[in-house]
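So this block is entry_9.txt, compact mmCIF, C-alpha atoms and all ligand atoms:
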# COMPACT_ATOMS: atom_id res chain seq x y z
CA MET A 1 -26.99 141.39 110.13
CA LEU A 2 -23.78 139.42 110.49
CA THR A 3 -21.57 140.26 107.50
CA VAL A 4 -18.40 138.34 106.66
CA HIS A 5 -15.88 140.24 104.56
CA HIS A 6 -14.54 137.17 102.83
CA LEU A 7 -11.20 137.02 101.05
CA ASN A 8 -11.10 134.05 98.69
CA ASN A 9 -8.93 131.12 99.76
CA SER A 10 -8.20 132.45 103.23
CA ARG A 11 -8.75 132.12 106.96
CA SER A 12 -12.21 133.60 106.62
CA GLN A 13 -13.30 130.18 105.35
CA ARG A 14 -13.15 129.20 109.02
CA VAL A 15 -15.62 131.94 109.95
CA LEU A 16 -18.08 130.80 107.27
CA TRP A 17 -17.83 127.27 108.65
CA LEU A 18 -18.52 128.46 112.23
CA ILE A 19 -21.59 130.41 111.11
CA GLU A 20 -22.84 127.44 109.08
CA GLU A 21 -22.42 125.14 112.13
CA LEU A 22 -24.53 127.56 114.15
CA GLY A 23 -27.09 127.95 111.36
CA LEU A 24 -27.09 131.76 111.60
CA PRO A 25 -28.32 134.17 108.94
CA TYR A 26 -25.46 136.17 107.39
CA GLU A 27 -24.25 137.83 104.27
CA ILE A 28 -20.92 137.65 102.50
CA VAL A 29 -19.06 140.55 100.90
CA ARG A 30 -16.41 139.06 98.61
CA TYR A 31 -12.84 140.19 98.00
CA GLN A 32 -10.41 138.62 95.52
CA ARG A 33 -6.72 138.21 96.25
CA ARG A 34 -4.42 140.17 93.93
CA ALA A 35 -1.86 138.40 91.72
CA ASP A 36 0.71 138.73 94.54
CA MET A 37 -1.77 137.00 96.92
CA ARG A 38 -2.27 140.16 98.99
CA ALA A 39 -5.78 141.34 99.85
CA PRO A 40 -7.24 144.11 97.68
CA LYS A 41 -7.16 147.70 98.97
CA GLU A 42 -10.97 147.71 99.51
CA LEU A 43 -10.49 145.66 102.68
CA LEU A 44 -8.64 148.63 104.19
CA LYS A 45 -11.95 150.48 104.18
CA ILE A 46 -13.35 147.88 106.59
CA HIS A 47 -10.35 147.59 108.97
CA PRO A 48 -7.03 149.51 109.09
CA LEU A 49 -4.95 146.34 108.60
CA GLY A 50 -6.88 145.27 105.51
CA LYS A 51 -6.67 141.55 106.40
CA SER A 52 -9.21 138.80 106.32
CA PRO A 53 -11.25 137.67 108.15
CA VAL A 54 -13.14 140.68 109.34
CA ILE A 55 -16.82 140.81 110.21
CA THR A 56 -19.31 143.56 110.87
CA ASP A 57 -22.36 143.08 113.06
CA ASP A 58 -24.74 145.42 114.80
CA GLY A 59 -22.39 148.42 114.42
CA ASN A 60 -19.29 146.45 115.47
CA THR A 61 -16.30 145.74 113.26
CA ILE A 62 -14.28 142.76 114.46
CA ALA A 63 -10.98 141.51 113.04
CA GLU A 64 -8.62 138.67 114.06
CA SER A 65 -10.12 135.22 113.71
CA GLY A 66 -9.84 134.26 117.40
CA ALA A 67 -11.67 137.44 118.41
CA ILE A 68 -14.28 136.86 115.71
CA VAL A 69 -14.87 133.29 116.88
CA GLU A 70 -15.21 134.48 120.50
CA TYR A 71 -17.62 137.24 119.48
CA ILE A 72 -19.86 135.02 117.35
CA VAL A 73 -20.01 132.23 119.94
CA ALA A 74 -20.73 134.70 122.78
CA THR A 75 -23.24 136.84 120.88
CA HIS A 76 -25.04 134.36 118.67
CA GLY A 77 -24.04 130.91 119.91
CA ASN A 78 -26.64 130.35 122.61
CA GLY A 79 -24.19 128.17 124.51
CA ARG A 80 -23.34 126.04 121.48
CA LEU A 81 -19.80 125.10 120.37
CA ILE A 82 -18.27 126.14 123.71
CA PRO A 83 -17.75 123.92 126.77
CA PRO A 84 -19.39 125.05 130.03
CA PRO A 85 -17.40 127.53 132.17
CA ASN A 86 -15.14 126.26 134.96
CA THR A 87 -14.54 122.88 133.36
CA PRO A 88 -11.27 121.35 132.16
CA GLU A 89 -12.80 121.35 128.66
CA ARG A 90 -13.31 125.12 128.82
CA LEU A 91 -9.66 125.61 129.75
CA ARG A 92 -8.57 123.48 126.81
CA TYR A 93 -10.98 125.41 124.57
CA THR A 94 -9.44 128.76 125.53
CA TYR A 95 -5.94 127.40 125.06
CA TRP A 96 -6.53 126.11 121.52
CA LEU A 97 -8.48 129.19 120.51
CA HIS A 98 -5.39 131.32 121.24
CA TYR A 99 -2.75 128.77 120.31
CA ALA A 100 -3.90 128.41 116.69
CA GLU A 101 -2.86 131.91 115.63
CA GLY A 102 -0.46 132.68 118.49
CA SER A 103 1.85 129.65 118.22
CA ALA A 104 0.98 127.34 115.33
CA MET A 105 0.46 129.77 112.46
CA PRO A 106 3.71 131.78 112.93
CA LEU A 107 5.69 128.53 112.48
CA LEU A 108 3.70 127.51 109.42
CA LEU A 109 4.14 130.98 107.95
CA LEU A 110 7.91 130.78 108.51
CA LYS A 111 7.91 127.44 106.73
CA LEU A 112 6.08 128.99 103.78
CA LEU A 113 8.40 132.02 103.68
CA PHE A 114 11.65 130.05 103.80
CA ASN A 115 10.35 127.75 101.06
CA VAL A 116 9.35 130.63 98.82
CA MET A 117 12.31 132.99 99.43
CA PRO A 118 14.87 131.16 97.23
CA LYS A 119 12.37 131.00 94.35
CA ARG A 120 11.73 134.76 94.53
CA ALA A 121 15.37 135.85 95.07
CA PRO A 122 17.29 137.51 92.19
CA ALA A 123 19.17 134.82 90.23
CA LEU A 124 22.59 136.01 91.40
CA LEU A 125 21.65 135.75 95.08
CA ARG A 126 19.61 132.58 94.78
CA PRO A 127 22.28 130.07 95.90
CA LEU A 128 22.99 132.12 99.03
CA VAL A 129 19.32 132.64 99.87
CA ARG A 130 18.68 128.93 99.30
CA LYS A 131 21.46 128.06 101.76
CA VAL A 132 20.22 130.45 104.45
CA SER A 133 16.60 129.35 104.02
CA SER A 134 17.48 125.70 104.10
CA GLN A 135 19.53 126.20 107.28
CA ALA A 136 16.68 128.10 108.95
CA LEU A 137 14.25 125.35 107.99
CA THR A 138 16.50 122.55 109.21
CA THR A 139 17.65 124.07 112.46
CA LEU A 140 14.75 126.26 113.51
CA VAL A 141 11.42 125.66 111.79
CA ASN A 142 11.15 121.95 110.98
CA PRO A 143 12.13 120.59 114.42
CA GLN A 144 9.64 122.89 116.15
CA LEU A 145 6.90 122.09 113.69
CA LYS A 146 7.52 118.40 114.29
CA GLN A 147 7.18 118.99 118.03
CA HIS A 148 3.91 120.88 117.56
CA MET A 149 2.44 118.21 115.26
CA SER A 150 3.30 115.48 117.82
CA PHE A 151 1.60 117.60 120.45
CA TRP A 152 -1.61 117.80 118.36
CA GLU A 153 -1.44 114.05 117.84
CA SER A 154 -1.11 113.31 121.55
CA GLU A 155 -3.96 115.71 122.43
CA LEU A 156 -6.22 114.05 119.86
CA GLU A 157 -5.38 110.75 121.49
CA LYS A 158 -6.98 112.03 124.72
CA SER A 159 -10.23 112.99 123.00
CA GLU A 160 -11.70 113.12 119.52
CA TRP A 161 -11.83 116.93 119.50
CA PHE A 162 -9.30 119.46 120.78
CA ALA A 163 -11.36 120.57 123.79
CA GLY A 164 -13.00 117.24 124.64
CA ASP A 165 -15.56 114.79 123.29
CA GLU A 166 -17.69 117.42 121.53
CA LEU A 167 -16.86 119.57 118.52
CA SER A 168 -16.24 123.15 119.67
CA ALA A 169 -15.28 126.43 118.05
CA ALA A 170 -11.70 125.67 119.11
CA ASP A 171 -11.70 122.87 116.53
CA ILE A 172 -12.86 125.32 113.90
CA GLN A 173 -10.02 127.66 114.87
CA MET A 174 -7.51 124.77 114.82
CA SER A 175 -8.66 123.57 111.40
CA PHE A 176 -6.51 126.14 109.58
CA PRO A 177 -3.15 125.17 111.12
CA LEU A 178 -3.92 121.48 110.60
CA GLU A 179 -4.91 122.08 106.99
CA ALA A 180 -1.77 124.16 106.43
CA ALA A 181 0.38 121.47 108.08
CA ALA A 182 -1.21 118.82 105.85
CA ALA A 183 -0.51 120.99 102.78
CA ARG A 184 3.09 121.94 103.57
CA GLY A 185 4.23 120.57 106.92
CA GLY A 186 4.28 116.80 106.42
CA LEU A 187 1.32 116.14 108.74
CA GLU A 188 0.41 113.01 106.79
CA GLN A 189 3.62 111.33 107.98
CA GLY A 190 3.01 109.73 111.37
CA HIS A 191 0.00 111.74 112.54
CA PRO A 192 -3.01 109.49 111.89
CA ARG A 193 -5.22 111.15 114.50
CA ALA A 194 -4.62 114.62 113.13
CA MET A 195 -5.33 113.36 109.61
CA ALA A 196 -8.52 111.67 110.87
CA PHE A 197 -9.52 114.99 112.47
CA LEU A 198 -9.24 116.62 109.04
CA GLU A 199 -11.30 113.86 107.43
CA ARG A 200 -13.99 114.26 110.12
CA ILE A 201 -14.28 118.01 109.67
CA HIS A 202 -14.27 117.81 105.87
CA ALA A 203 -17.20 115.38 106.02
CA ARG A 204 -19.38 117.75 108.05
CA PRO A 205 -22.32 119.18 106.08
CA ALA A 206 -21.70 122.66 107.57
CA TYR A 207 -18.06 122.56 106.44
CA GLN A 208 -19.18 121.62 102.94
CA ARG A 209 -21.85 124.33 102.83
CA ALA A 210 -19.19 126.86 103.90
CA LEU A 211 -16.96 125.67 101.06
CA GLU A 212 -19.76 126.10 98.55
CA LYS A 213 -20.35 129.64 99.81
CA GLY A 214 -16.66 130.59 100.14
CA GLY A 215 -15.40 129.26 96.83
CA PRO A 216 -12.18 127.38 95.98
CA TYR A 217 -10.00 126.82 99.03
CA ALA A 218 -6.50 125.37 98.94
CA VAL A 219 -4.66 126.32 102.13
CA GLY A 220 -0.93 126.62 101.75
CA GLN A 221 -0.74 125.81 98.07
N1 LIG B 301 -3.96 136.38 112.72
C1 LIG B 301 -4.85 136.94 111.73
C2 LIG B 301 -4.22 136.74 110.34
C3 LIG B 301 -4.96 137.46 109.24
C4 LIG B 301 -4.29 137.20 107.89
O1 LIG B 301 -3.06 137.23 107.76
N2 LIG B 301 -5.11 136.95 106.86
C5 LIG B 301 -4.63 136.69 105.53
C6 LIG B 301 -5.54 135.69 104.83
S1 LIG B 301 -5.39 134.06 105.41
C7 LIG B 301 -4.68 137.94 104.69
O2 LIG B 301 -5.54 138.77 104.87
N3 LIG B 301 -3.77 138.02 103.71
C8 LIG B 301 -3.75 139.06 102.72
C9 LIG B 301 -2.80 140.15 103.03
O3 LIG B 301 -2.04 140.08 104.00
O4 LIG B 301 -2.80 141.12 102.25
C10 LIG B 301 -6.21 136.26 111.86
O5 LIG B 301 -6.26 135.11 112.30
O6 LIG B 301 -7.24 136.87 111.53
Please re-express this file's structure in structure tokens.
Amino acid sequence: MLTVHHLNNSRSQRVLWLIEELGLPYEIVRYQRRADMRAPKELLKIHPLGKSPVITDDGNTIAESGAIVEYIVATHGNGRLIPPPNTPERLRYTYWLHYAEGSAMPLLLLKLLFNVMPKRAPALLRPLVRKVSSQALTTLVNPQLKQHMSFWESELEKSEWFAGDELSAADIQMSFPLEAAAARGGLEQGHPRAMAFLERIHARPAYQRALEKGGPYAVGQ
């Protein structure tokens, strides 16, 4: 039985959505974030890094959302949510599947960190930390994030979904960076296609069922 070890308000929401799109049977084991937003220690019993998502299935334990998406689509997908091999769509699919966590999320995490650091710094150091963070945001993070968001916008101009005209698991993987960018990256300014993408996915019955199962979800807030 496919089991999702689900941390509330986290990337594992994406895995629930994928499984709901495929209509597969599964069970959820729930974990609550601690007050400091870290995962509870019990997740370490499932995988040495103690992060979410992680799934278990048929004696396998699989962590890292891209690897989980690949595994579920290959093992249980029956050819669904993945473009046929040796097509331009398949190449785009592979690219976005890796890009989401490899390139987009590190930038969005830096944005979150530099925004939070001044608030968490000891009072005496706060002005200095604020200055350093603000400089890092202005010179390093924000310009790159802007470039990435324009890239998403231009790709969504080519086709409605990231890998072509059909929804694929790459869109499910890309949903988290787009949701994070809408919450804290300024996506709503000048990226109508990316915002329409979010509206389209939020309207999907499988997305809504996954939300009901996963519980409150507020990426980046
Ligand atoms: N690149 C990993 C990131 C995993 C990750 O950082 N997960 C977060 C939840 S969104 C987590 O477990 N945070 C709690 C913690 O680090 O203690 C993936 O996509 O699976």
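With all atoms listed in the file as the basis for measurement, A:Gly59 is the residue among A:Gly59, A:Pro127, A:Pro205, A:Gly214 that approaches Ile46 of chain A most closely.
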Within 10 Å of segment 150-159 of chain A using only C-alpha atoms, minus same-chain residues under 4 positions, as an MDAnalysis selection string: chainID A and resid 144:146 163:166 174 178 187 190:197
Please report as CSV every residue of chain A lying within 7 Å of ligand LIG 301 (chain B), along with the nearest atom pair and their distance in Å (one decimal), using only C-alpha atoms and all ligand atoms.
residue,atom,partner,partner_atom,distance
A:Leu7,CA,B:LIG301,C6,6.9
A:Ser10,CA,B:LIG301,S1,3.9
A:Arg11,CA,B:LIG301,S1,4.2
A:Ser12,CA,B:LIG301,S1,6.9
A:Met37,CA,B:LIG301,C8,6.5
A:Arg38,CA,B:LIG301,O4,3.4
A:Ala39,CA,B:LIG301,O4,3.8
A:Gly50,CA,B:LIG301,O2,6.7
A:Lys51,CA,B:LIG301,O2,3.4
A:Ser52,CA,B:LIG301,O2,3.9
A:Pro53,CA,B:LIG301,O6,5.3
A:Ala63,CA,B:LIG301,O6,6.1
A:Glu64,CA,B:LIG301,O6,3.4
A:Ser65,CA,B:LIG301,O6,4.0
A:Gly66,CA,B:LIG301,O5,6.3
A:Glu101,CA,B:LIG301,N1,5.4
Best match for closeness to Arg34 of chain A among A:His98, A:Asn8, A:Thr87, A:Ser134, counting all atoms listed in the file: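 So, comparing all the options, the nearest one is A:Asn8.
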Which residue of A:His5, A:Asp171, A:Arg120, A:Gln13 approaches Leu44 of chain A most closely, using all atoms listed in the file: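 The shortest atom-to-atom distance to Leu44 of chain A comes from A:His5.
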Long-range neighbours of segment 14-25 of chain A as a list in words, 7 Å cut-off, only C-alpha atoms, 3 positions minimum in chain: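 Residues meeting the cut-off are Arg11, Gly77, Ala169, Ile172, Gln173, Ala206, Tyr207 and Ala210 of chain A.
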Selection near segment 181-184 of chain A, 10 Å with only C-alpha atoms, sequence-local residues under 5 positions removed, as a VMD selection string: chain A and resid 104 to 105 107 to 108 111 to 112 115 145 to 146 149 175 to 176 189 191 194 to 195 198 218 to 221
Shortest interatomic distance to Val54 of chain A - which of A:Arg204, A:Arg80, A:His6, A:Lys213, counting only C-alpha atoms: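 Looking at the shortest contact to Val54 of chain A, the residue is A:His6.
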Option closest in space to His76 of chain A, from A:Glu89, A:Lys45, A:Tyr26, A:Gln147 [counting all atoms listed in the file]: A:Tyr26
Best match for closeness to Val69 of chain A among A:Val132, A:Leu49, A:Ala180, A:Ile82, counting only C-alpha atoms: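 That would be A:Ile82, the residue with the smallest distance to Val69 of chain A.
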Gap from atom CA of Leu128 of chain A to atom CA of Ser103 of chain A - Å, one decimal: 28.7 Å
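The two atoms in question, atom CA of Lys131 of chain A and atom CA of Glu179 of chain A, are spaced 27.5 Å apart.
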One-decimal distance in Å that lies between atom CA of His202 of chain A and atom CA of Gly102 of chain A: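 Taking atom CA of Gly102 of chain A as the start and atom CA of His202 of chain A as the end point, the length is 23.9 Å.
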Identify, on the basis of all atoms listed in the file, every residue whose closest approach to Ile62 of chain A does not exceed 9 Å; exclude the query and any residue fewer than 5 positions from it along the same chain; express the result as a PDB file with C-alpha atoms, in the frame of the given file.
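The new file selection25.pdb reads:
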ATOM      1  CA  HIS A  47     -10.350 147.590 108.970  1.00  0.00           C
ATOM      2  CA  PRO A  53     -11.250 137.670 108.150  1.00  0.00           C
ATOM      3  CA  VAL A  54     -13.140 140.680 109.340  1.00  0.00           C
ATOM      4  CA  ILE A  55     -16.820 140.810 110.210  1.00  0.00           C
ATOM      5  CA  THR A  56     -19.310 143.560 110.870  1.00  0.00           C
ATOM      6  CA  ASP A  57     -22.360 143.080 113.060  1.00  0.00           C
ATOM      7  CA  ALA A  67     -11.670 137.440 118.410  1.00  0.00           C
ATOM      8  CA  ILE A  68     -14.280 136.860 115.710  1.00  0.00           C
ATOM      9  CA  TYR A  71     -17.620 137.240 119.480  1.00  0.00           C
TER      10      TYR A  71
END
